[in-house]
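Presented below is the structure to which this report refers.
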Amino acid sequence: MKQITRICWLLLGVVFIFSGLVKLNDPVGTALKLEEYFEVFSKDIGSFFHVFIPHSRTLSIVLSSLEVVLGVALLLRWMLRQVLLTLLGLLVFFGFLTFYSAAFNKVTDCGCFGDFIKLTPWTSFAKDMFLLLLWAVVFFNQRYLRRVFAKGTLGVMYITIASAVAIGIGVRALGHLPYFDFLPYKVGNDIGKLMKPQEQAKYQYVMERNGETKTFSEYPTDSTWKYKSMEVLNPLTSKPVITDFSVFDDEGKDHTQEVLQGNKLLLIVQDVTSADRDRYKEINNLLEGAAKSKKPLTPLVITSSSPAAFDSYRHDVNLAAPFYFADATVLKSMIRSNPGLVLLQNGVVKGKYHYHDIPELGDLEAKL
């Protein structure tokens, strides 16, 4: 039991640290997931959940940092009982979220491990129940974890350092781009290629005849076999990774293939109501320089705002470039910055830039 307790203690601490760090890698993505939960709860439970939506990014960093700090405290066995009780509160909270998502099919991905590991709602709930089991083993067998690795002032110092590092990681990622990009639009990916299946779908047919059930890799020509069910053998590779990338003008004309051809510098303005306006001097200079670049480089603007709202916005910031429209979710997946810059070469993502890190024209040309 002593060894089992120590294994559970180690697993629980490592999982919490890993989960928190993955979320801190992309605090904007975590905030978007929190907003999704708050929207659902405001409709199903109470409208007061709308109060939390403007604070989603702050909550994202606070909750993710808390996971890391509690994981570190658990591994150090610092104030073990209090840390375990706090972990229980988090596990019950996460368990409620994942059960609610699974039972009522409200949020199809809990965001437990950010975009690094995608879990279905029921898998997420099972994961939380497993962690709760680990917690129970550790909590009821604390006598096997008597040795504390950091006591008194040293323990406080370690926890303070862990807190500062965790919060610093999240704040840095919030003001720039994720350290590691796990989304389909990451640098190096070919958007056009990911819009097509990797291979044709392969099917398995379950047929029945005279009480006998048999599986076929091809649909049988023998009409005496009766169809029972069908299963796709390669569901992941037979479906496109990107299914919703579509760019169109204010009249609804599709410009998707045009965007994916040649060298394009895309300015992504997700929502004009929340877009930063302080760096348009640098952005406009870059777009103007791109249009005159020695290498053919076409600047374009893509937004999810309404034509009327964007027209007012572009006049306010003196934005002079052709503009198109796309789905808001797509633009949020393309870049965690509003506005943000994406460099494409024949649909291949060559570079992505936060508005805090506007590149020089020479840097863009060097990537093409």
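The chains in the structure tokens are called A, B, ... from first to last as shown; in each chain the residues are counted from 1, and the ligands are counted from 1 in the order shown.
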
**Asked** What lies within 7 Å of A:Gly170 using only C-alpha atoms, ignoring chain neighbours under 3 positions off, as a ChimeraX atom specification?
**Response** /A:24-25,27,61,166-167,173-174

**Message:** Quick one: residues within 12 Å of stretch 251-255 of chain A, only C-alpha atoms, excluding same-chain residues fewer than 2 positions away - as a ChimeraX atom specification?
**Reply:** /A:245-249,257-261,300,302,306-307,322-326

**Message:** At a cut-off of 10 Å, using only C-alpha atoms, what residues contact A:Ala73? Leave out same-chain residues fewer than 3 positions from it and give the result as JSON, numbers by chain.
**Reply:** {"A": [13, 67, 68, 69, 70, 76, 77, 78, 79, 80, 83, 84, 149, 150, 155, 156, 158, 159, 162]}

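Among A:Phe140, A:Phe94, A:Tyr280, A:Phe180, the residue with the shortest atom-to-atom distance to A:Thr5, counting only C-alpha atoms, is A:Phe140.
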
**Message:** Need the shell around A:His176: protein/DNA/RNA residues with any atom at most 8 Å away, counting only C-alpha atoms. Skip same-chain ones fewer than 3 positions apart. Format as a ChimeraX atom specification?
**Reply:** /A:172-173,337,353-357

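If only C-alpha atoms are the atoms counted, then among A:Phe48, A:Val165, A:Val40, A:Thr30 the closest residue to A:Leu63 is A:Thr30.
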
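Taking only stretch 90-226 of chain A, the residues that DSSP calls strand (DSSP E or B) from the backbone come to Phe113, Ile117, Asp190, Tyr203, Gln204, Tyr205, Val206, Met207, Glu208, Arg209, Glu212, Thr213, Lys214, Thr215, Phe216 and Lys226 of chain A.
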
Those residues with N, CA and C atoms, as a PDB file, in the first residue's frame please?
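Output saved as out_11.pdb:
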ATOM      1  N   PHE A 113      -6.560  19.424 -21.537  1.00  0.00           N
ATOM      2  CA  PHE A 113      -5.145  19.499 -21.900  1.00  0.00           C
ATOM      3  C   PHE A 113      -4.950  20.418 -23.097  1.00  0.00           C
ATOM      4  N   ILE A 117      -3.994  17.578 -26.394  1.00  0.00           N
ATOM      5  CA  ILE A 117      -4.700  16.296 -26.371  1.00  0.00           C
ATOM      6  C   ILE A 117      -6.191  16.576 -26.372  1.00  0.00           C
ATOM      7  N   ASP A 190       0.179  23.047 -44.500  1.00  0.00           N
ATOM      8  CA  ASP A 190      -0.397  23.416 -45.798  1.00  0.00           C
ATOM      9  C   ASP A 190      -1.919  23.409 -45.648  1.00  0.00           C
ATOM     10  N   TYR A 203     -14.142   1.016 -45.533  1.00  0.00           N
ATOM     11  CA  TYR A 203     -15.320   0.595 -44.774  1.00  0.00           C
ATOM     12  C   TYR A 203     -15.259  -0.888 -44.431  1.00  0.00           C
ATOM     13  N   GLN A 204     -15.972  -1.224 -43.375  1.00  0.00           N
ATOM     14  CA  GLN A 204     -16.155  -2.611 -42.975  1.00  0.00           C
ATOM     15  C   GLN A 204     -17.649  -2.859 -42.852  1.00  0.00           C
ATOM     16  N   TYR A 205     -18.132  -3.866 -43.549  1.00  0.00           N
ATOM     17  CA  TYR A 205     -19.571  -4.141 -43.598  1.00  0.00           C
ATOM     18  C   TYR A 205     -19.887  -5.398 -42.792  1.00  0.00           C
ATOM     19  N   VAL A 206     -20.869  -5.272 -41.927  1.00  0.00           N
ATOM     20  CA  VAL A 206     -21.342  -6.422 -41.155  1.00  0.00           C
ATOM     21  C   VAL A 206     -22.644  -6.886 -41.792  1.00  0.00           C
ATOM     22  N   MET A 207     -22.629  -8.122 -42.280  1.00  0.00           N
ATOM     23  CA  MET A 207     -23.785  -8.677 -42.993  1.00  0.00           C
ATOM     24  C   MET A 207     -24.303  -9.917 -42.250  1.00  0.00           C
ATOM     25  N   GLU A 208     -25.546 -10.268 -42.561  1.00  0.00           N
ATOM     26  CA  GLU A 208     -26.179 -11.390 -41.867  1.00  0.00           C
ATOM     27  C   GLU A 208     -26.912 -12.262 -42.871  1.00  0.00           C
ATOM     28  N   ARG A 209     -26.817 -13.583 -42.646  1.00  0.00           N
ATOM     29  CA  ARG A 209     -27.553 -14.534 -43.510  1.00  0.00           C
ATOM     30  C   ARG A 209     -27.851 -15.795 -42.706  1.00  0.00           C
ATOM     31  N   GLU A 212     -26.326 -16.190 -39.420  1.00  0.00           N
ATOM     32  CA  GLU A 212     -24.863 -16.084 -39.394  1.00  0.00           C
ATOM     33  C   GLU A 212     -24.448 -14.627 -39.650  1.00  0.00           C
ATOM     34  N   THR A 213     -23.538 -14.124 -38.868  1.00  0.00           N
ATOM     35  CA  THR A 213     -23.019 -12.763 -39.030  1.00  0.00           C
ATOM     36  C   THR A 213     -21.582 -12.821 -39.532  1.00  0.00           C
ATOM     37  N   LYS A 214     -21.300 -12.026 -40.571  1.00  0.00           N
ATOM     38  CA  LYS A 214     -19.964 -12.041 -41.166  1.00  0.00           C
ATOM     39  C   LYS A 214     -19.543 -10.619 -41.532  1.00  0.00           C
ATOM     40  N   THR A 215     -18.235 -10.354 -41.430  1.00  0.00           N
ATOM     41  CA  THR A 215     -17.695  -9.037 -41.743  1.00  0.00           C
ATOM     42  C   THR A 215     -16.999  -9.051 -43.094  1.00  0.00           C
ATOM     43  N   PHE A 216     -17.282  -8.060 -43.926  1.00  0.00           N
ATOM     44  CA  PHE A 216     -16.688  -7.948 -45.264  1.00  0.00           C
ATOM     45  C   PHE A 216     -15.941  -6.616 -45.388  1.00  0.00           C
ATOM     46  N   LYS A 226     -27.730  -9.952 -45.953  1.00  0.00           N
ATOM     47  CA  LYS A 226     -28.520  -8.773 -45.594  1.00  0.00           C
ATOM     48  C   LYS A 226     -27.664  -7.796 -44.769  1.00  0.00           C
TER      49      LYS A 226
END

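The shortest atom-to-atom distance to A:Glu199, with only C-alpha atoms taken into account, belongs to A:Pro240 out of A:Pro184, A:Pro220, A:Pro240, A:Lys33.
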
Go through stretch 186-231 of chain A and flag each residue having an atom no more than 10 Å from stretch 236-239 of chain A; for those, report the closest pair of atoms plus their distance in Å to one decimal, using only C-alpha atoms, ordered by chain and rising number, as a tab-separated table.
residue	atom	partner	partner_atom	distance
A:Leu194	CA	A:Lys239	CA	9.3
A:Met195	CA	A:Lys239	CA	8.7
A:Lys196	CA	A:Lys239	CA	7.3
A:Pro197	CA	A:Lys239	CA	4.8
A:Gln198	CA	A:Thr237	CA	5.2
A:Glu199	CA	A:Ser238	CA	5.3
A:Gln200	CA	A:Ser238	CA	5.5
A:Ala201	CA	A:Ser238	CA	4.8
A:Lys202	CA	A:Ser238	CA	7.9

**Prompt:** Between atom CA of A:Leu154 and atom CA of A:Leu66, what is the distance, to one decimal in Å?
**Reply:** 19.2 Å

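Distance annotation: of A:Cys8, A:Val342, A:Val330, A:Ala321, the residue with the minimal separation from A:Asp244 is A:Val330; atom set is only C-alpha atoms.
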
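The two atoms in question, atom CA of A:Ser304 and atom CA of A:Phe52, are spaced 23.2 Å apart.
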
**Request:** Fewer than 6 positions away in the same chain doesn't count, so skip those; otherwise give me all residues within 9 Å of A:Leu361, counting only C-alpha atoms, as a PyMOL selection string.
**Result:** chain A and resi 286-287+289-290+293

**Request:** Please provide as JSON, numbers by chain all residues within 7 Å of A:Asp271, with the sequence filter that same-chain residues fewer than 2 positions apart are discarded (counting only C-alpha atoms).
**Result:** {"A": [269, 273, 274, 275, 303, 304, 305]}

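Proximity of A:Val272, A:Leu34, A:Ile7, A:Leu344 to A:Ser312, computed with only C-alpha atoms, is greatest for A:Val272.
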